[in-house]
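So this block is target-v8.cif, mmCIF, C-alpha atoms:
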```
data_target
loop_
_atom_site.label_atom_id
_atom_site.label_comp_id
_atom_site.auth_asym_id
_atom_site.auth_seq_id
_atom_site.Cartn_x
_atom_site.Cartn_y
_atom_site.Cartn_z
CA GLU A 211 -9.85 35.87 12.71
CA GLU A 212 -6.93 33.81 13.98
CA ILE A 213 -7.13 30.03 13.89
CA VAL A 214 -5.36 28.62 16.91
CA GLU A 215 -4.91 25.06 18.15
CA GLY A 216 -3.63 25.00 21.70
CA HIS A 217 -1.21 27.92 21.88
CA LEU A 218 -0.03 27.74 18.24
CA HIS A 219 -1.47 29.20 15.08
CA ILE A 220 -2.70 26.41 12.81
CA ALA A 221 0.14 27.00 10.30
CA GLU A 222 2.77 26.65 13.06
CA ARG A 223 1.03 23.52 14.37
CA ALA A 224 1.09 22.03 10.87
CA LYS A 225 4.78 22.89 10.48
CA ASN A 226 5.53 21.20 13.83
CA ILE A 227 3.66 18.04 12.78
CA VAL A 228 5.55 17.89 9.48
CA ALA A 229 8.90 18.53 11.20
CA SER A 230 8.31 15.88 13.88
CA ASN A 231 7.33 13.11 11.46
CA GLN A 232 9.67 11.20 9.22
CA HIS A 233 7.05 9.18 7.35
CA PHE A 234 4.81 10.55 4.64
CA GLN A 235 2.04 9.14 2.48
CA LEU A 236 2.45 10.29 -1.13
CA ALA A 237 -0.31 10.42 -3.74
CA THR A 238 0.61 11.00 -7.39
CA TYR A 239 -1.41 10.98 -10.61
CA LEU A 240 -1.29 8.04 -13.00
CA ARG A 241 -3.10 10.19 -15.56
CA VAL A 242 -5.17 13.36 -15.77
CA PRO A 243 -8.41 12.76 -13.79
CA ASP A 244 -11.71 12.48 -15.66
CA GLY A 245 -13.51 14.55 -13.03
CA PRO A 246 -13.40 15.68 -9.39
CA ASP A 247 -14.31 12.21 -8.08
CA SER A 248 -11.97 10.25 -10.35
CA GLN A 249 -10.08 8.12 -7.81
CA ASP A 250 -8.73 5.62 -10.35
CA SER A 251 -6.32 8.25 -11.68
CA VAL A 252 -4.49 8.53 -8.34
CA PHE A 253 -1.72 6.22 -7.13
CA SER A 254 -1.01 5.89 -3.42
CA ASP A 255 0.41 2.87 -1.63
CA ASN A 256 -0.62 3.08 2.03
CA ARG A 257 1.53 0.03 2.82
CA ALA A 258 4.66 1.94 1.81
CA PRO A 259 5.03 5.29 3.57
CA LEU A 260 8.02 7.33 2.44
CA ARG A 261 10.78 8.74 4.56
CA GLY A 262 11.19 12.48 4.40
CA ALA A 263 12.39 15.56 6.21
CA ILE A 264 12.18 19.35 6.16
CA HIS A 265 15.27 21.14 4.91
CA GLU A 266 16.41 23.37 7.77
CA LEU A 267 17.30 26.40 5.63
CA THR A 268 14.68 26.37 2.87
CA GLY A 269 11.76 24.80 4.73
CA ARG A 270 11.08 22.55 1.74
CA ILE A 271 10.11 18.94 2.30
CA ALA A 272 12.33 16.26 0.82
CA LEU A 273 10.89 12.79 0.19
CA PHE A 274 13.25 9.89 -0.37
CA LEU A 275 12.16 7.54 -3.16
CA ASP A 276 13.94 4.18 -3.26
CA SER A 277 14.35 2.97 -6.85
CA SER A 278 14.41 -0.65 -5.63
CA LYS A 279 10.76 -0.37 -4.46
CA LYS A 280 8.02 -0.78 -7.06
CA SER A 281 5.68 1.82 -5.51
CA ASP A 282 8.50 4.40 -5.32
CA ARG A 283 9.36 3.78 -8.99
CA THR A 284 5.67 4.29 -9.88
CA HIS A 285 5.67 7.62 -8.03
CA SER A 286 8.84 8.70 -9.86
CA THR A 287 7.31 7.83 -13.23
CA ASN A 288 4.06 9.62 -12.38
CA VAL A 289 5.78 12.81 -11.24
CA LYS A 290 7.72 13.02 -14.49
CA LYS A 291 4.37 13.13 -16.35
CA ILE A 292 2.27 15.16 -13.85
CA SER A 293 4.15 16.94 -11.04
CA PHE A 294 0.99 17.76 -9.05
CA SER A 295 0.76 15.54 -5.97
CA SER A 296 -0.14 15.49 -2.30
CA ILE A 297 1.55 14.29 0.85
CA SER A 298 0.11 13.49 4.25
CA THR A 299 1.84 13.06 7.56
CA GLY A 300 0.91 12.73 11.18
CA HIS A 301 -1.75 10.09 11.50
CA ILE A 302 -1.47 8.14 8.22
CA ASP A 303 -2.83 4.80 9.37
CA PRO A 304 -4.96 2.81 6.93
CA ARG A 305 -8.53 3.99 6.38
CA PRO A 306 -10.13 1.01 8.20
CA LEU A 307 -8.78 2.41 11.49
CA MET A 308 -10.40 5.84 11.07
CA PRO A 309 -13.91 4.79 12.20
CA ILE A 310 -12.39 3.37 15.39
CA PHE A 311 -10.60 6.64 16.18
CA THR A 312 -13.75 8.60 15.32
CA ARG A 313 -15.92 6.51 17.67
CA VAL A 314 -13.62 7.08 20.62
CA GLY A 315 -13.24 10.77 19.77
CA LEU A 316 -9.50 10.64 19.25
CA LEU A 317 -8.56 11.81 15.80
CA PRO A 318 -4.79 12.33 15.77
CA PRO A 319 -3.60 15.39 13.83
CA VAL A 320 -2.94 15.03 10.11
CA VAL A 321 -1.32 17.48 7.73
CA ARG A 322 -1.99 17.29 3.99
CA ILE A 323 0.05 19.36 1.57
CA VAL A 324 -0.89 19.69 -2.08
CA GLY A 325 1.33 21.06 -4.83
CA ASP A 326 4.01 20.30 -7.38
CA LEU A 327 6.65 17.73 -6.55
CA ASP A 328 10.06 18.62 -7.95
CA PRO A 329 12.91 16.12 -8.34
CA ALA A 330 16.01 16.73 -6.24
CA PRO A 331 19.13 18.05 -7.97
CA GLU A 332 21.37 15.36 -9.47
CA ASN A 333 24.11 15.94 -6.87
CA TYR A 334 21.67 15.71 -3.90
CA THR A 335 22.58 13.12 -1.26
CA GLU A 336 20.53 11.89 1.66
CA GLU A 337 22.16 13.06 4.89
#
```
Let's see the structure in the file written out as structure tokens.
Amino acid sequence: EEIVEGHLHIAERAKNIVASNQHFQLATYLRVPDGPDSQDSVFSDNRAPLRGAIHELTGRIALFLDSSKKSDRTHSTNVKKISFSSISTGHIDPRPLMPIFTRVGLLPPVVRIVGDLDPAPENYTEE
């Protein structure tokens, strides 16, 4: 069974949302979680979305961490210990706004991607 939103398959819709957004919310692990509901092991700073982009040839997502920002340094440290992470893009407003959007029936699209976060090559430059 095909999953379609509008005229696009859901995977194509997700790819379009990722490609059209330049801000991502990153969640990394501070330590191995104690269980499935262990939220204190996850670090995510919703006040500091990251800039990112899809590489045109590989289709991989690049996130730009700024070493002058404390939250970005924390993400870098976490990924060196545990590479598993998740990113969200699309509607990444703070959680307090979600009930408002739900009440009016307007939930903007969100894409969440889960997997390993690899550091960029040493000679990589942001262009």
Practice prompt. Tell me which protein, DNA and RNA residues are within 9 Å of segment 292-295 of chain A, counting only C-alpha atoms, leaving out same-chain ones fewer than 6 positions away, and put them as a PyMOL selection string.
Written response: chain A and resi 236-242+323-328
Worksheet entry | Evaluate the PyMOL selection byres ((chain A and resi 224) around 12) and report residues as a list in words |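 That selection, the PyMOL selection byres ((chain A and resi 224) around 12), comes back as Ile213, Val214, Glu215, Leu218, His219, Ile220, Ala221, Glu222, Arg223, Lys225, Asn226, Ile227, Val228, Ala229, Ser230, Asn231, Ser298, Thr299, Gly300, Pro319, Val320, Val321, Arg322 and Ile323 of chain A.
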Worksheet item: At what distance in Å, to one decimal, does atom CA of Leu267 of chain A lie from atom CA of Lys290 of chain A?
Response: 26.0 Å
Worksheet entry | Minimum-distance residue to Asp276 of chain A, chosen among A:Val289, A:Leu260, A:Ser296, A:Val314 (using all atoms listed in the file) | A:Leu260
Discussion item. Just to confirm, what's the straight-line distance from atom CA of Lys279 of chain A to atom CA of Pro259 of chain A in Å (one decimal)?
Written reply: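 Here the two named atoms are 11.4 Å from each other.
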Since fewer atoms than expected are present, regenerate N, CA and C atoms for segment 236-265 of chain A and write them as a PDB file, in the frame of the given file.
```
ATOM      1  N   LEU A 236       2.423   9.525   0.109  1.00  0.00           N
ATOM      2  CA  LEU A 236       2.450  10.290  -1.130  1.00  0.00           C
ATOM      3  C   LEU A 236       1.351   9.809  -2.060  1.00  0.00           C
ATOM      4  N   ALA A 237       0.680  10.748  -2.706  1.00  0.00           N
ATOM      5  CA  ALA A 237      -0.310  10.420  -3.740  1.00  0.00           C
ATOM      6  C   ALA A 237       0.093  11.162  -5.008  1.00  0.00           C
ATOM      7  N   THR A 238       0.258  10.421  -6.098  1.00  0.00           N
ATOM      8  CA  THR A 238       0.610  11.000  -7.390  1.00  0.00           C
ATOM      9  C   THR A 238      -0.436  10.595  -8.421  1.00  0.00           C
ATOM     10  N   TYR A 239      -0.432  11.268  -9.550  1.00  0.00           N
ATOM     11  CA  TYR A 239      -1.410  10.980 -10.610  1.00  0.00           C
ATOM     12  C   TYR A 239      -0.846  10.018 -11.637  1.00  0.00           C
ATOM     13  N   LEU A 240      -1.619   8.971 -11.918  1.00  0.00           N
ATOM     14  CA  LEU A 240      -1.290   8.040 -13.000  1.00  0.00           C
ATOM     15  C   LEU A 240      -1.610   8.687 -14.344  1.00  0.00           C
ATOM     16  N   ARG A 241      -2.654   9.494 -14.355  1.00  0.00           N
ATOM     17  CA  ARG A 241      -3.100  10.190 -15.560  1.00  0.00           C
ATOM     18  C   ARG A 241      -3.969  11.366 -15.123  1.00  0.00           C
ATOM     19  N   VAL A 242      -4.302  12.220 -16.071  1.00  0.00           N
ATOM     20  CA  VAL A 242      -5.170  13.360 -15.770  1.00  0.00           C
ATOM     21  C   VAL A 242      -6.550  12.816 -15.374  1.00  0.00           C
ATOM     22  N   PRO A 243      -7.106  13.268 -14.248  1.00  0.00           N
ATOM     23  CA  PRO A 243      -8.410  12.760 -13.790  1.00  0.00           C
ATOM     24  C   PRO A 243      -9.543  13.121 -14.755  1.00  0.00           C
ATOM     25  N   ASP A 244     -10.539  12.237 -14.825  1.00  0.00           N
ATOM     26  CA  ASP A 244     -11.710  12.480 -15.660  1.00  0.00           C
ATOM     27  C   ASP A 244     -12.644  13.514 -15.040  1.00  0.00           C
ATOM     28  N   GLY A 245     -12.626  13.623 -13.736  1.00  0.00           N
ATOM     29  CA  GLY A 245     -13.510  14.550 -13.030  1.00  0.00           C
ATOM     30  C   GLY A 245     -13.078  14.673 -11.589  1.00  0.00           C
ATOM     31  N   PRO A 246     -13.804  15.459 -10.779  1.00  0.00           N
ATOM     32  CA  PRO A 246     -13.400  15.680  -9.390  1.00  0.00           C
ATOM     33  C   PRO A 246     -13.433  14.428  -8.519  1.00  0.00           C
ATOM     34  N   ASP A 247     -14.225  13.431  -8.879  1.00  0.00           N
ATOM     35  CA  ASP A 247     -14.310  12.210  -8.080  1.00  0.00           C
ATOM     36  C   ASP A 247     -13.586  11.030  -8.706  1.00  0.00           C
ATOM     37  N   SER A 248     -12.680  11.297  -9.619  1.00  0.00           N
ATOM     38  CA  SER A 248     -11.970  10.250 -10.350  1.00  0.00           C
ATOM     39  C   SER A 248     -10.815   9.696  -9.520  1.00  0.00           C
ATOM     40  N   GLN A 249     -11.096   8.689  -8.690  1.00  0.00           N
ATOM     41  CA  GLN A 249     -10.080   8.120  -7.810  1.00  0.00           C
ATOM     42  C   GLN A 249      -9.145   7.139  -8.520  1.00  0.00           C
ATOM     43  N   ASP A 250      -9.566   6.590  -9.666  1.00  0.00           N
ATOM     44  CA  ASP A 250      -8.730   5.620 -10.350  1.00  0.00           C
ATOM     45  C   ASP A 250      -7.534   6.252 -11.058  1.00  0.00           C
ATOM     46  N   SER A 251      -7.460   7.585 -11.063  1.00  0.00           N
ATOM     47  CA  SER A 251      -6.320   8.250 -11.680  1.00  0.00           C
ATOM     48  C   SER A 251      -5.204   8.534 -10.681  1.00  0.00           C
ATOM     49  N   VAL A 252      -5.451   8.235  -9.400  1.00  0.00           N
ATOM     50  CA  VAL A 252      -4.490   8.530  -8.340  1.00  0.00           C
ATOM     51  C   VAL A 252      -3.793   7.253  -7.876  1.00  0.00           C
ATOM     52  N   PHE A 253      -2.472   7.349  -7.663  1.00  0.00           N
ATOM     53  CA  PHE A 253      -1.720   6.220  -7.130  1.00  0.00           C
ATOM     54  C   PHE A 253      -1.210   6.577  -5.743  1.00  0.00           C
ATOM     55  N   SER A 254      -1.507   5.732  -4.777  1.00  0.00           N
ATOM     56  CA  SER A 254      -1.010   5.890  -3.420  1.00  0.00           C
ATOM     57  C   SER A 254      -0.923   4.508  -2.800  1.00  0.00           C
ATOM     58  N   ASP A 255       0.222   4.174  -2.248  1.00  0.00           N
ATOM     59  CA  ASP A 255       0.410   2.870  -1.630  1.00  0.00           C
ATOM     60  C   ASP A 255       0.502   3.056  -0.122  1.00  0.00           C
ATOM     61  N   ASN A 256      -0.623   2.835   0.587  1.00  0.00           N
ATOM     62  CA  ASN A 256      -0.620   3.080   2.030  1.00  0.00           C
ATOM     63  C   ASN A 256       0.186   2.049   2.810  1.00  0.00           C
ATOM     64  N   ARG A 257       0.660   1.011   2.145  1.00  0.00           N
ATOM     65  CA  ARG A 257       1.530   0.030   2.820  1.00  0.00           C
ATOM     66  C   ARG A 257       2.992   0.450   2.751  1.00  0.00           C
ATOM     67  N   ALA A 258       3.272   1.531   2.011  1.00  0.00           N
ATOM     68  CA  ALA A 258       4.660   1.940   1.810  1.00  0.00           C
ATOM     69  C   ALA A 258       4.844   3.434   2.054  1.00  0.00           C
ATOM     70  N   PRO A 259       4.769   3.877   3.316  1.00  0.00           N
ATOM     71  CA  PRO A 259       5.030   5.290   3.570  1.00  0.00           C
ATOM     72  C   PRO A 259       6.477   5.636   3.214  1.00  0.00           C
ATOM     73  N   LEU A 260       6.694   6.871   2.831  1.00  0.00           N
ATOM     74  CA  LEU A 260       8.020   7.330   2.440  1.00  0.00           C
ATOM     75  C   LEU A 260       8.702   8.054   3.576  1.00  0.00           C
ATOM     76  N   ARG A 261      10.019   7.944   3.604  1.00  0.00           N
ATOM     77  CA  ARG A 261      10.780   8.740   4.560  1.00  0.00           C
ATOM     78  C   ARG A 261      10.966  10.137   3.981  1.00  0.00           C
ATOM     79  N   GLY A 262      10.996  11.110   4.853  1.00  0.00           N
ATOM     80  CA  GLY A 262      11.190  12.480   4.400  1.00  0.00           C
ATOM     81  C   GLY A 262      11.623  13.372   5.539  1.00  0.00           C
ATOM     82  N   ALA A 263      11.945  14.606   5.201  1.00  0.00           N
ATOM     83  CA  ALA A 263      12.390  15.560   6.210  1.00  0.00           C
ATOM     84  C   ALA A 263      12.226  16.973   5.656  1.00  0.00           C
ATOM     85  N   ILE A 264      12.199  17.940   6.559  1.00  0.00           N
ATOM     86  CA  ILE A 264      12.180  19.350   6.160  1.00  0.00           C
ATOM     87  C   ILE A 264      13.610  19.852   6.110  1.00  0.00           C
ATOM     88  N   HIS A 265      13.949  20.536   5.018  1.00  0.00           N
ATOM     89  CA  HIS A 265      15.270  21.140   4.910  1.00  0.00           C
ATOM     90  C   HIS A 265      15.328  22.322   5.862  1.00  0.00           C
TER      91      HIS A 265
END
```
